[in-house]
Amino acid sequence: MSEPAPVVGPTCFCRDCLGDLDARVKRCGECGSPRLVRHRALPALALAHIDCDAFYATVEKRDNPDIADRPVIIGGGKRGVVSAACYIARTYGVRSAMPMFKALELCPGAVVIPPDMAKYVRVGREVRQAMLRLTPLVEPLSIDEAFLDLAGTQRVHGMIPAKVLARFARDVERGVGITVSVGLSCNKFLAKVASDLDKPRGFAALDQEEARALLADKPVGFIFGVGPATQERLARGGFRTVADLQRADEIELMKQFPSDGRRLWRLARGIDDRKVVPDRGAKTISSETTFESDIRDFATLERLLWRLSEKVSLRLKNAGLAGSTITLKLKTADFRQRTRSQSISAPTQLAAKIFAVSRELLAKEIDGTAFRLMGAGVSALRPGSQADDSDMLDRRAAHAERAMDDLRKKFGAGAVIRGIAYGGPEKAG
């Protein structure tokens with residue numbers, strides 16, 4: 001069998017004007033830009049990971065140029081956690097999921113902005129639509145990142161995938177007003193590794209041949225899916241770095257770690273056969289809140305749970321979805337998490353139904369424990385047209401709830417407020 005013909009194309013080009021260049025130059029001779037992409041395998045690489053840079057914070061800076069050069073933290077009150085931090089704030093040590101009080105100790109001069117998820121979703125959809133114009137093979141990982149497979153698109157776009165991606169990044173920056181980083185490789189794992197090499201506003205290419213050396217000195221936790229428990233198990237077996245895994249015999253590693261051995265052996269060598277799976281939609285729609293002070297009182301938690309149920313219901317309705325598994329999330333004052341779920345007979349998008357089920361779950365957890373966070377979510381999603389309000393109670397609730405939805409659309413969110421939503425002095429973050 002003959003070898004496939006090599007893919008032809010430039011090994012160096014300018015990210016700003018897309019002109020082809022000699023790989024030895026340091027600046028574009030046409031536009032003067034130093035932002036060049038160079039890699040010997042550039043014409044053959046077609047699998048990308050695209051990540052929006054400090055997404056929430058970048059959107060806020062776009063909308064308020066006065067804070068463009070200031071450290072920005074997106075998050076709740078002092079009891080909340082950091083949802084996102086701009087790159088300036090990160091130089092102070094601020095990181096996502098860090099408690100807000102700690103972030104403000106590290107960066108007391110930061111501009112703190114509560115998250116505006118509706119706005120971020122709108123911007124994320126703009127970027128997603130731009131991705132889909134490149135290829136139908138787009139696999140979202142979150143609101144601000146995705147894998148793309150551009151194999152076979154060169155004839156459609158008239159240029160190699162690397163150039164298509166550079167043009168995409170340039171157009172998003174000009175049109176949407178945010179920046180992205182691109183990682184280009186031969187598989188998903190290495191594309192994700194590459195996208196982290198040149199942040200922010202970066203573009204990095206990585207091929208199989210150089211992956212082993214690049215990965216060798218990384219801790220085993222660098223490999224996706226290797227959490228603290230797996231790291232501990234690997235350390236007990238003498239595996240602390242990726243190089244330790246690279247030196248291992250595949251069969252012996254599989255014997256020692258039956259469920260993970262083969263996957264770890266392959267990923268340590270940059271081998272990943274996973275395909276890019278197009279968007280299958282959200283798996284869960286949820287909302288959560290961190291309290292300004294710990295709460296143990298059922299009545300207070302109940303009122304807050306109703307507000308969360310309404311938020312989840314609205315998101316389901318806006319997305320045209322319904323779900324049949326309802327989940328309650330609680331975090332105790334000592335940061336221990338409790339997650340309780342219950343499936344229902346038919347999918348719903350009604351706040352009243354979400355609240356009724358999650359309230360039952362909440363009642364079982366009231367044992368004097370103080371809670372600092374609570375969340376509600378719906379999963380096992382399907383089209384909203386499949387929501388079943390067949391029994392009399394559900395029909396009445398659906399009719400009343402949709403009437404209230406119509407009033408809110410016409411007169412504003414505060415036009416109709418359920419009695420349970422009124423409460424005492426507690427404040428949700």
# chains A, B, ... in the order shown; residues from 1 in each chain; ligands from 1
call {"tool": "select_by_dssp", "arguments": {"residues": "region 179-214 of chain A", "states": "alpha helix (DSSP H)", "output": "short mmCIF file (atom, residue, chain, number, x, y, z; two decimals) with N, CA, C and O atoms, in the first residue's frame"}}
result
data_model
loop_
_atom_site.label_atom_id
_atom_site.label_comp_id
_atom_site.auth_asym_id
_atom_site.auth_seq_id
_atom_site.Cartn_x
_atom_site.Cartn_y
_atom_site.Cartn_z
N LYS A 188 -6.64 15.55 20.68
CA LYS A 188 -7.27 16.45 21.65
C LYS A 188 -6.37 16.77 22.84
O LYS A 188 -6.27 17.93 23.27
N PHE A 189 -5.72 15.76 23.37
CA PHE A 189 -4.87 15.98 24.55
C PHE A 189 -3.76 16.98 24.24
O PHE A 189 -3.54 17.94 24.98
N LEU A 190 -3.07 16.78 23.14
CA LEU A 190 -1.96 17.66 22.80
C LEU A 190 -2.44 19.04 22.37
O LEU A 190 -1.75 20.04 22.59
N ALA A 191 -3.62 19.13 21.76
CA ALA A 191 -4.16 20.44 21.40
C ALA A 191 -4.45 21.25 22.66
O ALA A 191 -4.19 22.45 22.71
N LYS A 192 -4.99 20.58 23.69
CA LYS A 192 -5.26 21.27 24.96
C LYS A 192 -3.94 21.71 25.61
O LYS A 192 -3.84 22.82 26.14
N VAL A 193 -2.94 20.85 25.57
CA VAL A 193 -1.62 21.21 26.10
C VAL A 193 -1.08 22.43 25.35
O VAL A 193 -0.59 23.39 25.95
N ALA A 194 -1.20 22.41 24.03
CA ALA A 194 -0.66 23.50 23.21
C ALA A 194 -1.34 24.83 23.50
O ALA A 194 -0.70 25.88 23.52
N SER A 195 -2.65 24.82 23.75
CA SER A 195 -3.37 26.08 23.96
C SER A 195 -2.95 26.78 25.24
O SER A 195 -3.17 27.98 25.41
N GLN A 208 3.19 15.09 17.55
CA GLN A 208 3.44 13.88 18.32
C GLN A 208 4.93 13.70 18.64
O GLN A 208 5.30 13.29 19.73
N GLU A 209 5.76 14.05 17.69
CA GLU A 209 7.19 13.80 17.81
C GLU A 209 7.81 14.53 19.00
O GLU A 209 8.69 14.01 19.69
N GLU A 210 7.36 15.76 19.25
CA GLU A 210 7.96 16.56 20.32
C GLU A 210 7.21 16.43 21.65
O GLU A 210 7.66 16.94 22.68
N ALA A 211 6.08 15.74 21.63
CA ALA A 211 5.23 15.69 22.82
C ALA A 211 5.92 15.00 24.00
O ALA A 211 5.83 15.46 25.14
N ARG A 212 6.58 13.91 23.73
CA ARG A 212 7.16 13.13 24.83
C ARG A 212 8.14 13.96 25.67
O ARG A 212 8.10 13.95 26.90
N ALA A 213 9.02 14.70 24.99
CA ALA A 213 10.00 15.51 25.71
C ALA A 213 9.32 16.65 26.47
O ALA A 213 9.70 16.98 27.59
N LEU A 214 8.30 17.24 25.86
CA LEU A 214 7.60 18.35 26.50
C LEU A 214 6.88 17.90 27.77
O LEU A 214 6.85 18.61 28.77
#
call {"tool": "residues_around", "arguments": {"residues": "Val242 (chain A)", "least_positions_apart": "5", "cutoff": "8 Å", "atoms": "only C-alpha atoms", "output": "list in words"}}
result
Leu215, Ala216, Asp217, Lys218, Pro219, Val220 and Ala268 of chain A
call {"tool": "write_last_selection", "arguments": {"atoms": "N, CA, C and O atoms", "output": "compact mmCIF listing (two decimals), in the first residue's frame"}}
result
# COMPACT_ATOMS: atom_id res chain seq x y z
N LEU A 215 6.31 16.69 27.73
CA LEU A 215 5.52 16.20 28.85
C LEU A 215 6.36 15.63 29.98
O LEU A 215 5.89 15.55 31.13
N ALA A 216 7.57 15.22 29.69
CA ALA A 216 8.35 14.40 30.62
C ALA A 216 8.45 14.97 32.03
O ALA A 216 8.27 14.24 33.02
N ASP A 217 8.74 16.26 32.17
CA ASP A 217 8.98 16.80 33.51
C ASP A 217 7.72 17.27 34.22
O ASP A 217 7.78 17.80 35.33
N LYS A 218 6.54 17.07 33.59
CA LYS A 218 5.29 17.49 34.22
C LYS A 218 4.89 16.51 35.32
O LYS A 218 5.15 15.30 35.21
N PRO A 219 4.22 16.98 36.37
CA PRO A 219 3.69 16.04 37.37
C PRO A 219 2.57 15.22 36.77
O PRO A 219 1.92 15.64 35.80
N VAL A 220 2.32 14.05 37.32
CA VAL A 220 1.29 13.17 36.76
C VAL A 220 -0.08 13.85 36.75
O VAL A 220 -0.93 13.56 35.90
N ALA A 268 0.83 9.67 28.42
CA ALA A 268 2.19 10.08 28.77
C ALA A 268 3.07 10.20 27.53
O ALA A 268 4.05 10.94 27.51
call {"tool": "select_by_dssp", "arguments": {"residues": "region 30-205 of chain A", "states": "strand (DSSP E or B)", "output": "PyMOL selection string"}}
result
chain A and resi 36-38+47-52+72-75+81-85+99+111-113+138-142+145-149+180-185+203-205
call {"tool": "atom_distance", "arguments": {"atom1": "CA of Arg122 (chain A)", "atom2": "CA of Phe55 (chain A)"}}
result
12.2 Å
call {"tool": "decode", "arguments": {"residues": "region 220-344 of chain A", "atoms": "C-alpha atoms", "output": "PDB file, in the first residue's frame"}}
result
ATOM      1  CA  VAL A 220       1.286  13.168  36.756  1.00  0.00           C
ATOM      2  CA  GLY A 221      -1.566  15.516  37.692  1.00  0.00           C
ATOM      3  CA  PHE A 222      -0.897  17.364  34.435  1.00  0.00           C
ATOM      4  CA  ILE A 223      -2.712  14.529  32.631  1.00  0.00           C
ATOM      5  CA  PHE A 224      -6.461  15.174  32.452  1.00  0.00           C
ATOM      6  CA  GLY A 225      -8.517  12.936  34.704  1.00  0.00           C
ATOM      7  CA  VAL A 226      -5.695  12.491  37.228  1.00  0.00           C
ATOM      8  CA  GLY A 227      -7.070  14.040  40.400  1.00  0.00           C
ATOM      9  CA  PRO A 228      -5.634  14.080  43.928  1.00  0.00           C
ATOM     10  CA  ALA A 229      -6.750  10.520  44.753  1.00  0.00           C
ATOM     11  CA  THR A 230      -5.204   9.083  41.568  1.00  0.00           C
ATOM     12  CA  GLN A 231      -2.037  11.120  42.101  1.00  0.00           C
ATOM     13  CA  GLU A 232      -1.724   9.591  45.558  1.00  0.00           C
ATOM     14  CA  ARG A 233      -2.165   6.074  44.196  1.00  0.00           C
ATOM     15  CA  LEU A 234       0.392   6.715  41.467  1.00  0.00           C
ATOM     16  CA  ALA A 235       2.869   8.179  43.969  1.00  0.00           C
ATOM     17  CA  ARG A 236       2.599   5.036  46.091  1.00  0.00           C
ATOM     18  CA  GLY A 237       3.554   3.091  42.970  1.00  0.00           C
ATOM     19  CA  GLY A 238       6.556   5.337  42.329  1.00  0.00           C
ATOM     20  CA  PHE A 239       4.991   7.474  39.588  1.00  0.00           C
ATOM     21  CA  ARG A 240       5.285  11.181  40.316  1.00  0.00           C
ATOM     22  CA  THR A 241       6.144  12.669  36.923  1.00  0.00           C
ATOM     23  CA  VAL A 242       5.000  11.920  33.399  1.00  0.00           C
ATOM     24  CA  ALA A 243       8.530  10.687  32.708  1.00  0.00           C
ATOM     25  CA  ASP A 244       7.976   7.961  35.331  1.00  0.00           C
ATOM     26  CA  LEU A 245       4.929   6.816  33.346  1.00  0.00           C
ATOM     27  CA  GLN A 246       6.879   7.008  30.087  1.00  0.00           C
ATOM     28  CA  ARG A 247       9.528   4.628  31.481  1.00  0.00           C
ATOM     29  CA  ALA A 248       6.907   2.112  32.647  1.00  0.00           C
ATOM     30  CA  ASP A 249       6.040  -1.055  30.762  1.00  0.00           C
ATOM     31  CA  GLU A 250       2.495  -0.822  29.406  1.00  0.00           C
ATOM     32  CA  ILE A 251       1.430  -4.296  30.585  1.00  0.00           C
ATOM     33  CA  GLU A 252       2.882  -3.781  34.059  1.00  0.00           C
ATOM     34  CA  LEU A 253       1.156  -0.411  34.360  1.00  0.00           C
ATOM     35  CA  MET A 254      -2.149  -2.018  33.358  1.00  0.00           C
ATOM     36  CA  LYS A 255      -1.674  -4.716  35.996  1.00  0.00           C
ATOM     37  CA  GLN A 256      -0.861  -2.153  38.670  1.00  0.00           C
ATOM     38  CA  PHE A 257      -3.689   0.220  37.686  1.00  0.00           C
ATOM     39  CA  PRO A 258      -6.359  -1.856  35.903  1.00  0.00           C
ATOM     40  CA  SER A 259      -8.784   0.991  35.244  1.00  0.00           C
ATOM     41  CA  ASP A 260      -6.291   3.709  34.267  1.00  0.00           C
ATOM     42  CA  GLY A 261      -3.029   2.008  33.312  1.00  0.00           C
ATOM     43  CA  ARG A 262      -3.384   1.860  29.535  1.00  0.00           C
ATOM     44  CA  ARG A 263      -4.854   5.356  29.254  1.00  0.00           C
ATOM     45  CA  LEU A 264      -2.042   6.843  31.379  1.00  0.00           C
ATOM     46  CA  TRP A 265       0.652   4.988  29.441  1.00  0.00           C
ATOM     47  CA  ARG A 266      -0.689   6.313  26.141  1.00  0.00           C
ATOM     48  CA  LEU A 267      -1.300   9.897  27.256  1.00  0.00           C
ATOM     49  CA  ALA A 268       2.192  10.078  28.772  1.00  0.00           C
ATOM     50  CA  ARG A 269       3.419   9.531  25.203  1.00  0.00           C
ATOM     51  CA  GLY A 270       0.965  12.020  23.694  1.00  0.00           C
ATOM     52  CA  ILE A 271      -1.280   9.310  22.244  1.00  0.00           C
ATOM     53  CA  ASP A 272      -5.002  10.115  22.275  1.00  0.00           C
ATOM     54  CA  ASP A 273      -7.538   8.511  19.932  1.00  0.00           C
ATOM     55  CA  ARG A 274     -10.615  10.405  21.134  1.00  0.00           C
ATOM     56  CA  LYS A 275     -12.645  11.976  18.346  1.00  0.00           C
ATOM     57  CA  VAL A 276     -14.122  15.455  18.360  1.00  0.00           C
ATOM     58  CA  VAL A 277     -17.812  14.938  19.141  1.00  0.00           C
ATOM     59  CA  PRO A 278     -20.092  17.758  17.925  1.00  0.00           C
ATOM     60  CA  ASP A 279     -22.197  19.740  20.394  1.00  0.00           C
ATOM     61  CA  ARG A 280     -24.642  17.510  22.232  1.00  0.00           C
ATOM     62  CA  GLY A 281     -26.010  20.405  24.281  1.00  0.00           C
ATOM     63  CA  ALA A 282     -25.874  21.108  27.982  1.00  0.00           C
ATOM     64  CA  LYS A 283     -25.834  18.128  30.345  1.00  0.00           C
ATOM     65  CA  THR A 284     -26.987  20.075  33.396  1.00  0.00           C
ATOM     66  CA  ILE A 285     -28.611  23.434  34.015  1.00  0.00           C
ATOM     67  CA  SER A 286     -28.050  24.749  37.521  1.00  0.00           C
ATOM     68  CA  SER A 287     -27.716  27.751  39.800  1.00  0.00           C
ATOM     69  CA  GLU A 288     -25.996  28.164  43.150  1.00  0.00           C
ATOM     70  CA  THR A 289     -25.359  30.843  45.753  1.00  0.00           C
ATOM     71  CA  THR A 290     -22.817  31.334  48.520  1.00  0.00           C
ATOM     72  CA  PHE A 291     -24.217  32.939  51.684  1.00  0.00           C
ATOM     73  CA  GLU A 292     -22.724  35.977  53.390  1.00  0.00           C
ATOM     74  CA  SER A 293     -23.004  34.063  56.691  1.00  0.00           C
ATOM     75  CA  ASP A 294     -23.606  30.382  57.445  1.00  0.00           C
ATOM     76  CA  ILE A 295     -27.257  29.286  57.542  1.00  0.00           C
ATOM     77  CA  ARG A 296     -28.742  26.314  59.396  1.00  0.00           C
ATOM     78  CA  ASP A 297     -32.402  27.408  59.551  1.00  0.00           C
ATOM     79  CA  PHE A 298     -34.705  25.428  57.236  1.00  0.00           C
ATOM     80  CA  ALA A 299     -37.132  28.287  56.570  1.00  0.00           C
ATOM     81  CA  THR A 300     -34.327  30.584  55.446  1.00  0.00           C
ATOM     82  CA  LEU A 301     -32.767  27.901  53.245  1.00  0.00           C
ATOM     83  CA  GLU A 302     -36.209  27.115  51.833  1.00  0.00           C
ATOM     84  CA  ARG A 303     -36.706  30.718  50.670  1.00  0.00           C
ATOM     85  CA  LEU A 304     -33.303  30.755  49.006  1.00  0.00           C
ATOM     86  CA  LEU A 305     -34.004  27.394  47.385  1.00  0.00           C
ATOM     87  CA  TRP A 306     -37.148  28.818  45.788  1.00  0.00           C
ATOM     88  CA  ARG A 307     -35.093  31.622  44.210  1.00  0.00           C
ATOM     89  CA  LEU A 308     -32.598  29.085  42.867  1.00  0.00           C
ATOM     90  CA  SER A 309     -35.448  26.941  41.506  1.00  0.00           C
ATOM     91  CA  GLU A 310     -36.847  29.960  39.664  1.00  0.00           C
ATOM     92  CA  LYS A 311     -33.444  30.717  38.131  1.00  0.00           C
ATOM     93  CA  VAL A 312     -32.988  27.120  36.964  1.00  0.00           C
ATOM     94  CA  SER A 313     -36.540  27.068  35.579  1.00  0.00           C
ATOM     95  CA  LEU A 314     -35.953  30.280  33.628  1.00  0.00           C
ATOM     96  CA  ARG A 315     -32.712  28.926  32.153  1.00  0.00           C
ATOM     97  CA  LEU A 316     -34.462  25.712  31.130  1.00  0.00           C
ATOM     98  CA  LYS A 317     -37.280  27.646  29.463  1.00  0.00           C
ATOM     99  CA  ASN A 318     -34.880  29.992  27.681  1.00  0.00           C
ATOM    100  CA  ALA A 319     -32.908  26.992  26.401  1.00  0.00           C
ATOM    101  CA  GLY A 320     -36.071  25.109  25.396  1.00  0.00           C
ATOM    102  CA  LEU A 321     -35.162  22.183  27.667  1.00  0.00           C
ATOM    103  CA  ALA A 322     -36.701  20.055  30.415  1.00  0.00           C
ATOM    104  CA  GLY A 323     -35.089  17.508  32.731  1.00  0.00           C
ATOM    105  CA  SER A 324     -36.014  14.502  34.809  1.00  0.00           C
ATOM    106  CA  THR A 325     -33.249  14.459  37.446  1.00  0.00           C
ATOM    107  CA  ILE A 326     -33.205  17.166  40.113  1.00  0.00           C
ATOM    108  CA  THR A 327     -30.103  17.746  42.228  1.00  0.00           C
ATOM    109  CA  LEU A 328     -29.514  19.639  45.459  1.00  0.00           C
ATOM    110  CA  LYS A 329     -25.981  20.768  46.316  1.00  0.00           C
ATOM    111  CA  LEU A 330     -24.947  21.908  49.794  1.00  0.00           C
ATOM    112  CA  LYS A 331     -21.571  22.957  51.146  1.00  0.00           C
ATOM    113  CA  THR A 332     -21.071  22.984  54.895  1.00  0.00           C
ATOM    114  CA  ALA A 333     -19.269  25.643  56.906  1.00  0.00           C
ATOM    115  CA  ASP A 334     -16.160  23.411  56.906  1.00  0.00           C
ATOM    116  CA  PHE A 335     -16.302  23.112  53.079  1.00  0.00           C
ATOM    117  CA  ARG A 336     -17.652  19.539  52.962  1.00  0.00           C
ATOM    118  CA  GLN A 337     -19.958  19.045  50.005  1.00  0.00           C
ATOM    119  CA  ARG A 338     -23.250  17.147  49.973  1.00  0.00           C
ATOM    120  CA  THR A 339     -24.931  16.320  46.670  1.00  0.00           C
ATOM    121  CA  ARG A 340     -28.365  14.680  46.603  1.00  0.00           C
ATOM    122  CA  SER A 341     -30.346  13.775  43.473  1.00  0.00           C
ATOM    123  CA  GLN A 342     -33.790  12.413  42.696  1.00  0.00           C
ATOM    124  CA  SER A 343     -35.273  11.340  39.378  1.00  0.00           C
ATOM    125  CA  ILE A 344     -38.883  12.132  38.552  1.00  0.00           C
TER     126      ILE A 344
END
